[in-house]
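Structure data follow from entry-v1.cif (mmCIF, C-alpha atoms):
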```cif
data_upload
loop_
_atom_site.label_atom_id
_atom_site.label_comp_id
_atom_site.auth_asym_id
_atom_site.auth_seq_id
_atom_site.Cartn_x
_atom_site.Cartn_y
_atom_site.Cartn_z
CA LEU A 23 -142.86 9.46 5.79
CA ASN A 24 -142.34 13.15 4.92
CA ALA A 25 -140.39 12.30 1.76
CA THR A 26 -139.14 15.38 -0.10
CA LEU A 27 -138.21 13.62 -3.36
CA LEU A 28 -140.02 10.73 -5.06
CA VAL A 29 -138.45 8.84 -7.96
CA PHE A 30 -140.94 6.84 -10.04
CA VAL A 31 -139.51 3.75 -11.78
CA LEU A 32 -142.30 1.27 -12.42
CA PRO A 33 -144.74 0.26 -15.16
CA HIS A 34 -147.33 3.03 -15.32
CA GLN A 35 -150.17 0.49 -15.15
CA PHE A 36 -149.43 0.09 -11.43
CA LEU A 37 -149.57 3.78 -10.61
CA PRO A 38 -153.32 4.18 -9.93
CA LYS A 39 -153.36 1.37 -7.36
CA LEU A 40 -150.18 2.54 -5.62
CA MET A 41 -150.91 6.27 -5.63
CA PRO A 42 -152.80 6.36 -2.30
CA ILE A 43 -149.89 4.58 -0.57
CA ILE A 44 -147.35 6.92 -2.15
CA ARG A 45 -149.43 10.00 -1.36
CA ALA A 46 -149.46 9.10 2.33
CA SER A 47 -145.63 9.22 2.44
CA VAL A 48 -144.96 12.68 1.03
CA HIS A 49 -143.97 15.82 2.90
CA PRO A 50 -147.05 18.07 3.00
CA SER A 51 -145.38 21.08 1.34
CA ARG A 52 -141.86 20.31 0.14
CA CYS A 53 -142.08 17.12 -1.92
CA ARG A 54 -141.35 16.91 -5.65
CA GLY A 55 -141.03 14.03 -8.09
CA VAL A 56 -138.91 12.68 -10.94
CA SER A 57 -140.36 10.06 -13.27
CA LEU A 58 -138.32 7.61 -15.32
CA ILE A 59 -141.48 6.03 -16.76
CA LYS A 60 -141.60 5.99 -20.57
CA GLY A 61 -145.10 5.93 -21.97
CA LEU A 62 -148.14 7.99 -22.87
CA GLY A 63 -151.72 7.72 -21.71
CA PHE A 64 -154.76 8.50 -23.83
CA ASP A 65 -157.88 10.28 -22.61
CA LYS A 66 -160.79 8.69 -24.47
CA ARG A 67 -163.07 11.59 -23.58
CA THR A 68 -160.87 14.44 -24.84
CA LYS A 69 -158.99 12.30 -27.38
CA LEU A 70 -155.71 13.82 -26.20
CA PRO A 71 -152.44 12.31 -24.97
CA VAL A 72 -151.81 12.32 -21.23
CA LEU A 73 -148.29 12.61 -19.81
CA ILE A 74 -147.44 10.16 -17.02
CA SER A 75 -145.88 13.03 -15.06
CA GLN A 76 -149.20 14.88 -15.24
CA SER A 77 -151.04 11.83 -13.95
CA ILE A 78 -148.57 11.60 -11.07
CA SER A 79 -148.96 15.30 -10.22
CA ILE A 80 -152.75 15.00 -10.20
CA GLY A 81 -152.61 11.77 -8.20
CA ILE A 82 -150.42 13.27 -5.46
CA GLY A 83 -152.28 16.59 -5.48
CA ASP A 84 -151.58 19.68 -3.37
CA GLY A 85 -149.50 21.37 -6.07
CA PHE A 86 -147.09 18.44 -6.47
CA HIS A 87 -144.64 18.96 -9.36
CA CYS A 88 -143.19 15.99 -11.23
CA GLY A 89 -140.24 16.22 -13.62
CA VAL A 90 -138.73 13.46 -15.78
CA LEU A 91 -135.30 11.93 -16.32
CA MET A 92 -134.88 10.73 -19.91
CA GLY A 93 -131.92 10.05 -22.15
CA ALA A 94 -129.65 7.65 -24.01
CA ASN A 95 -129.36 5.31 -21.04
CA VAL A 96 -129.46 1.65 -22.06
CA ALA A 97 -129.62 -0.02 -18.66
CA ASN A 98 -126.88 -2.62 -18.94
CA GLU A 99 -124.35 -0.02 -20.13
CA VAL A 100 -125.27 2.30 -17.26
CA ALA A 101 -124.84 -0.62 -14.85
CA MET A 102 -121.35 -1.26 -16.25
CA GLY A 103 -120.35 2.34 -15.54
CA ARG A 104 -119.94 3.37 -19.16
CA MET A 105 -120.14 7.12 -19.68
CA CYS A 106 -123.55 8.39 -20.77
CA GLU A 107 -125.71 11.51 -20.68
CA SER A 108 -129.24 12.09 -19.45
CA THR A 109 -131.71 14.96 -19.39
CA LEU A 110 -133.55 16.08 -16.29
CA ALA A 111 -136.62 18.06 -17.37
CA CYS A 112 -138.19 19.84 -14.43
CA ASP A 113 -139.40 23.14 -13.09
CA TYR A 114 -140.05 23.14 -9.37
CA GLY A 115 -140.47 26.91 -9.27
CA ASN A 116 -137.09 27.50 -7.65
CA ASP A 117 -133.72 27.53 -9.41
CA GLU A 118 -131.90 26.29 -6.33
CA VAL A 119 -134.22 23.30 -5.98
CA ASN A 120 -133.93 22.58 -9.71
CA GLU A 121 -130.13 22.53 -9.51
CA ARG A 122 -130.07 20.54 -6.27
CA THR A 123 -132.27 17.92 -7.92
CA ARG A 124 -129.99 17.75 -10.96
CA GLN A 125 -126.97 17.25 -8.73
CA ILE A 126 -128.62 14.26 -7.03
CA PHE A 127 -128.57 12.36 -10.33
CA ASP A 128 -125.43 13.83 -11.88
CA GLU A 129 -122.18 11.84 -11.68
CA ARG A 130 -119.64 13.70 -13.76
CA LEU A 131 -117.50 10.74 -14.76
CA ASN A 132 -120.15 8.31 -15.94
CA PHE A 133 -123.68 9.76 -15.72
CA ARG A 134 -123.78 13.36 -16.87
CA VAL A 135 -127.10 15.12 -16.36
CA ALA A 136 -128.19 18.37 -17.99
CA ARG A 137 -131.38 20.16 -16.95
CA ILE A 138 -134.05 21.71 -19.16
CA GLY A 139 -137.50 23.05 -18.34
CA ASP A 140 -139.44 21.28 -21.11
CA VAL A 141 -141.05 18.39 -19.25
CA ALA A 142 -143.65 17.64 -21.92
CA GLY A 143 -141.16 17.49 -24.80
CA ALA A 144 -138.67 15.32 -22.91
CA GLU A 145 -141.31 12.89 -21.68
CA ALA A 146 -143.07 12.56 -25.03
CA CYS A 147 -139.70 11.85 -26.70
CA GLY A 148 -139.14 9.04 -24.21
CA ALA A 149 -142.37 7.37 -25.34
CA LEU A 150 -142.21 8.08 -29.07
CA LYS A 151 -138.63 6.87 -29.59
CA ASN A 152 -139.75 3.35 -28.62
CA VAL A 153 -142.26 3.42 -31.49
CA ILE A 154 -139.60 4.52 -33.98
CA ALA A 155 -137.37 1.73 -32.63
CA LEU A 156 -139.93 -0.82 -33.81
CA GLY A 157 -139.46 0.54 -37.32
CA ALA A 158 -135.67 0.33 -36.91
CA GLY A 159 -136.05 -3.33 -35.96
CA PHE A 160 -138.08 -3.97 -39.11
CA ILE A 161 -135.28 -2.35 -41.15
CA ASP A 162 -132.72 -4.64 -39.48
CA GLY A 163 -134.90 -7.70 -40.02
CA LEU A 164 -135.00 -6.87 -43.72
CA LYS A 165 -131.19 -6.34 -43.73
CA LEU A 166 -131.57 -2.99 -45.47
CA GLY A 167 -128.47 -1.49 -43.93
CA GLY A 168 -127.29 1.75 -42.39
CA ASN A 169 -128.44 4.18 -45.07
CA THR A 170 -132.05 3.10 -44.75
CA LYS A 171 -131.93 3.15 -40.97
CA ALA A 172 -130.41 6.64 -41.02
CA ALA A 173 -133.30 7.82 -43.20
CA LEU A 174 -135.78 6.25 -40.78
CA LEU A 175 -134.14 7.99 -37.82
CA ARG A 176 -134.22 11.35 -39.60
CA VAL A 177 -137.90 11.09 -40.47
CA GLY A 178 -138.64 9.60 -37.07
CA LEU A 179 -137.11 12.57 -35.26
CA LEU A 180 -139.11 14.98 -37.41
CA GLU A 181 -142.37 13.16 -36.71
CA MET A 182 -141.58 13.09 -32.99
CA ALA A 183 -141.05 16.87 -33.06
CA LYS A 184 -144.23 17.42 -35.05
CA PHE A 185 -146.28 15.24 -32.69
CA CYS A 186 -144.95 17.03 -29.60
CA LYS A 187 -145.59 20.51 -30.95
CA ILE A 188 -149.13 19.69 -32.05
CA PHE A 189 -150.28 18.07 -28.83
CA PHE A 190 -148.32 19.76 -26.03
CA GLU A 191 -147.92 23.39 -25.03
CA GLY A 192 -144.51 24.96 -24.56
CA VAL A 193 -142.41 22.30 -26.29
CA GLU A 194 -139.00 23.74 -27.18
CA SER A 195 -137.14 22.89 -30.38
CA GLY A 196 -133.87 22.50 -28.48
CA THR A 197 -135.30 19.56 -26.55
CA PHE A 198 -134.89 17.32 -29.60
CA MET A 199 -131.14 17.98 -29.63
CA GLU A 200 -130.76 16.93 -25.98
CA SER A 201 -129.95 13.43 -24.74
CA CYS A 202 -133.69 12.84 -24.24
CA GLY A 203 -134.28 13.56 -27.93
CA MET A 204 -131.88 12.67 -30.73
CA ALA A 205 -129.40 10.75 -28.58
CA ASP A 206 -132.05 8.53 -26.99
CA LEU A 207 -133.59 7.87 -30.39
CA ILE A 208 -130.24 6.78 -31.83
CA THR A 209 -129.28 4.43 -29.01
CA THR A 210 -132.77 2.91 -28.86
CA CYS A 211 -132.77 2.26 -32.61
CA TYR A 212 -129.38 0.50 -32.45
CA GLY A 213 -129.78 -1.28 -29.11
CA GLY A 214 -132.60 -1.84 -26.67
CA ARG A 215 -135.35 -4.40 -26.47
CA ASN A 216 -137.88 -2.70 -28.77
CA ARG A 217 -135.51 -2.75 -31.75
CA LYS A 218 -134.29 -6.25 -30.96
CA CYS A 219 -137.76 -7.75 -30.65
CA ALA A 220 -139.00 -5.94 -33.76
CA GLU A 221 -136.10 -7.41 -35.74
CA VAL A 222 -137.16 -10.90 -34.59
CA PHE A 223 -140.79 -10.06 -35.48
CA ALA A 224 -139.73 -9.15 -39.02
CA LYS A 225 -137.54 -12.24 -39.46
CA LEU A 226 -140.23 -14.63 -38.24
CA ARG A 227 -142.71 -13.16 -40.69
CA LEU A 228 -140.23 -13.51 -43.56
CA GLN A 229 -138.63 -16.84 -42.72
CA ASP A 230 -140.81 -19.21 -44.77
CA GLY A 231 -140.41 -17.23 -48.01
CA SER A 232 -144.14 -16.89 -48.56
CA SER A 233 -146.20 -13.71 -48.44
CA ASP A 234 -145.49 -11.98 -45.14
CA THR A 235 -148.92 -10.37 -44.80
CA PHE A 236 -150.56 -11.37 -41.53
CA ASP A 237 -153.95 -10.78 -40.04
CA PRO A 238 -154.08 -8.62 -36.87
CA GLU A 239 -154.67 -11.60 -34.56
CA GLU A 240 -151.55 -13.33 -35.88
CA CYS A 241 -149.55 -10.14 -35.28
CA ASN A 242 -150.69 -9.90 -31.67
CA ARG A 243 -149.92 -13.58 -31.05
CA LEU A 244 -146.46 -13.17 -32.53
CA TRP A 245 -145.67 -10.14 -30.32
CA SER A 246 -146.83 -12.07 -27.26
CA LYS A 247 -144.63 -15.03 -28.19
CA ILE A 248 -141.59 -12.80 -28.72
CA GLU A 249 -142.11 -11.07 -25.37
CA ASN A 250 -142.48 -14.40 -23.58
CA ASP A 251 -139.43 -15.92 -25.27
CA MET A 252 -137.05 -12.96 -25.03
CA LEU A 253 -137.95 -10.67 -22.12
CA ASN A 254 -138.26 -12.92 -19.06
CA GLY A 255 -141.60 -11.48 -18.00
CA GLN A 256 -140.92 -7.88 -19.05
CA LYS A 257 -143.03 -6.07 -21.63
CA LEU A 258 -142.16 -3.97 -24.66
CA GLN A 259 -142.83 -0.29 -24.07
CA GLY A 260 -143.13 0.39 -27.78
CA ILE A 261 -146.18 -1.86 -28.19
CA PRO A 262 -148.72 0.07 -26.08
CA ALA A 263 -147.15 3.40 -27.11
CA CYS A 264 -147.55 2.55 -30.80
CA LYS A 265 -151.22 1.64 -30.30
CA GLU A 266 -151.95 4.76 -28.26
CA VAL A 267 -150.25 7.07 -30.77
CA TYR A 268 -152.09 5.51 -33.71
CA LEU A 269 -155.44 5.75 -31.91
CA LEU A 270 -154.77 9.39 -31.14
CA LEU A 271 -153.74 10.32 -34.69
CA GLU A 272 -156.67 8.39 -36.15
CA SER A 273 -159.15 10.11 -33.83
CA ARG A 274 -157.82 13.50 -34.95
CA GLY A 275 -157.64 12.70 -38.66
CA LEU A 276 -153.86 13.17 -38.71
CA LEU A 277 -152.59 9.79 -39.92
CA GLU A 278 -151.60 11.15 -43.34
CA SER A 279 -149.41 13.75 -41.65
CA PHE A 280 -147.40 11.05 -39.86
CA PRO A 281 -146.57 8.45 -42.55
CA LEU A 282 -143.81 6.72 -40.56
CA LEU A 283 -145.76 6.34 -37.32
CA ARG A 284 -148.75 5.13 -39.36
CA THR A 285 -146.69 2.60 -41.34
CA ILE A 286 -145.00 1.19 -38.22
CA TYR A 287 -148.44 0.51 -36.73
CA GLU A 288 -149.72 -1.04 -39.97
CA VAL A 289 -146.78 -3.46 -40.14
CA ALA A 290 -146.85 -4.26 -36.42
CA PHE A 291 -150.59 -4.69 -35.88
CA LEU A 292 -152.54 -4.70 -39.15
CA GLY A 293 -150.31 -7.27 -40.84
CA ASN A 294 -149.04 -5.17 -43.73
CA GLY A 295 -145.90 -6.51 -45.38
CA VAL A 296 -142.71 -5.80 -43.45
CA ALA A 297 -141.06 -4.39 -46.59
CA SER A 298 -143.68 -1.63 -46.66
CA ILE A 299 -141.83 0.06 -43.78
CA THR A 300 -139.80 2.02 -46.35
CA GLU A 301 -143.01 3.59 -47.67
CA GLY A 302 -143.29 5.44 -44.38
CA ILE A 303 -139.90 7.10 -44.82
CA ALA A 304 -141.38 10.05 -46.65
CA VAL A 305 -139.25 12.76 -48.23
CA LYS A 306 -141.06 16.10 -48.13
CA ASP A 307 -140.50 19.21 -50.23
CA GLN A 308 -141.24 21.37 -47.17
CA PRO A 309 -138.01 22.79 -45.66
CA ILE A 310 -136.92 20.90 -42.56
CA ALA A 311 -136.66 24.13 -40.59
CA HIS A 312 -140.44 24.46 -40.70
CA VAL A 313 -140.84 21.39 -38.53
CA TRP A 314 -139.15 23.17 -35.63
CA ASN A 315 -141.57 26.10 -35.91
CA ILE A 316 -144.90 25.55 -34.22
CA ASP A 317 -146.53 28.10 -36.53
CA CYS A 318 -146.41 25.60 -39.37
CA PHE A 319 -148.88 23.41 -37.47
CA LYS A 320 -151.53 26.06 -36.91
CA THR A 321 -153.67 24.52 -39.65
CA MET A 322 -153.64 21.30 -37.61
CA ASN A 323 -154.73 23.05 -34.40
CA ILE A 324 -156.14 20.27 -32.28
CA GLN A 325 -158.99 22.49 -31.16
CA GLY A 326 -160.32 22.31 -34.68
CA CYS A 327 -159.85 18.61 -35.27
#
```
Could you write out this structure as structure tokens?
Amino acid sequence: LNATLLVFVLPHQFLPKLMPIIRASVHPSRCRGVSLIKGLGFDKRTKLPVLISQSISIGIGDGFHCGVLMGANVANEVAMGRMCESTLACDYGNDEVNERTRQIFDERLNFRVARIGDVAGAEACGALKNVIALGAGFIDGLKLGGNTKAALLRVGLLEMAKFCKIFFEGVESGTFMESCGMADLITTCYGGRNRKCAEVFAKLRLQDGSSDTFDPEECNRLWSKIENDMLNGQKLQGIPACKEVYLLLESRGLLESFPLLRTIYEVAFLGNGVASITEGIAVKDQPIAHVWNIDCFKTMNIQGC
């Protein structure tokens, strides 16, 4: 009872049922939260993405503020004490509380934590990088090599930034250069379960040498089989995130503006050929610097979609 800091590390599907129990344990005026949950919700009424941290803040109520801890933190390497970085994104309205919270997680030798104020950007990166990792797994399954994967990561980071700046207020360009951004994307696309399972998905579709086009039901069955065989009861975070992102972009008429995210979904769930993943790695004439400027997305203003 009277907890002053809550750390959320659980599948977000369990949050609604547990929220009343959690709410009963918080300090009435001094409690704050940090979420390690990587995912996005989708509001079917507004057709907008919903941050898990926002859902937590609303669920606790009474002005509760929830930050996030995201970064290049593959669990088994953290457990072995190998040096890594992480990003604490929070704003509890008090610099001293912000810094005290950072120090709780920071361990200078092996787990180095930097703080930023951009909760939305950091949290959305944590969900979107798992989608890009599915594409990286397809690249590995096709044995296309490092050059192709590097191109996928570059385009993936740009689409992540574009998505964040369209759908969330106050996202800062510097967030994508933090551990929660580029670094997490890199490590997830070279290690991690989403990349690994997506590589197996691609190889199983290609193994008999025939056409690798599947129908959507076959795709879903194959994902379920891979999860059951490889994850010991755990679930892939990239699967629901990919579906939610596609649904959101489709509802807003923005699929053509996100060719990589669209193509990853089409391979993963519509049964398009695995080799078509390279079609989503689009090279644009528009200068890259424009992607970091929210003004370039004014024509896509979600209010007008």
### Task
Using the chain letters and numbering of this document, enumerate as a ChimeraX atom specification the residues selected by the PyMOL selection byres ((chain A and resi 36-52) around 8).
/A:23-26,32-35,53-54,78,81-82,84
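For the set A:Met105, A:Cys264, A:Ala97, A:Ile303, the residue with the smallest atom-to-atom gap to Thr210 of chain A is A:Ala97, counting all atoms listed in the file.
Note that the spacing between atom CA of Gln229 of chain A and atom CA of Ala158 of chain A amounts to 18.4 Å.
For the choices A:Val289, A:Asp234, A:Ala94, A:Leu277, the atom-to-atom distance to Ile208 of chain A is smallest for A:Ala94 when using all atoms listed in the file.
Straight-line separation from atom CA of Val305 of chain A to atom CA of Phe280 of chain A: 11.8 Å.
Close contacts of Ala224 of chain A, defined as residues with an atom at most 8 Å away when counting only C-alpha atoms, with chain neighbours fewer than 3 positions off set aside, comprise A:Gly159, A:Phe160, A:Gly163, A:Leu164, A:Ala220, A:Glu221, A:Arg227, A:Leu228, A:Val296.
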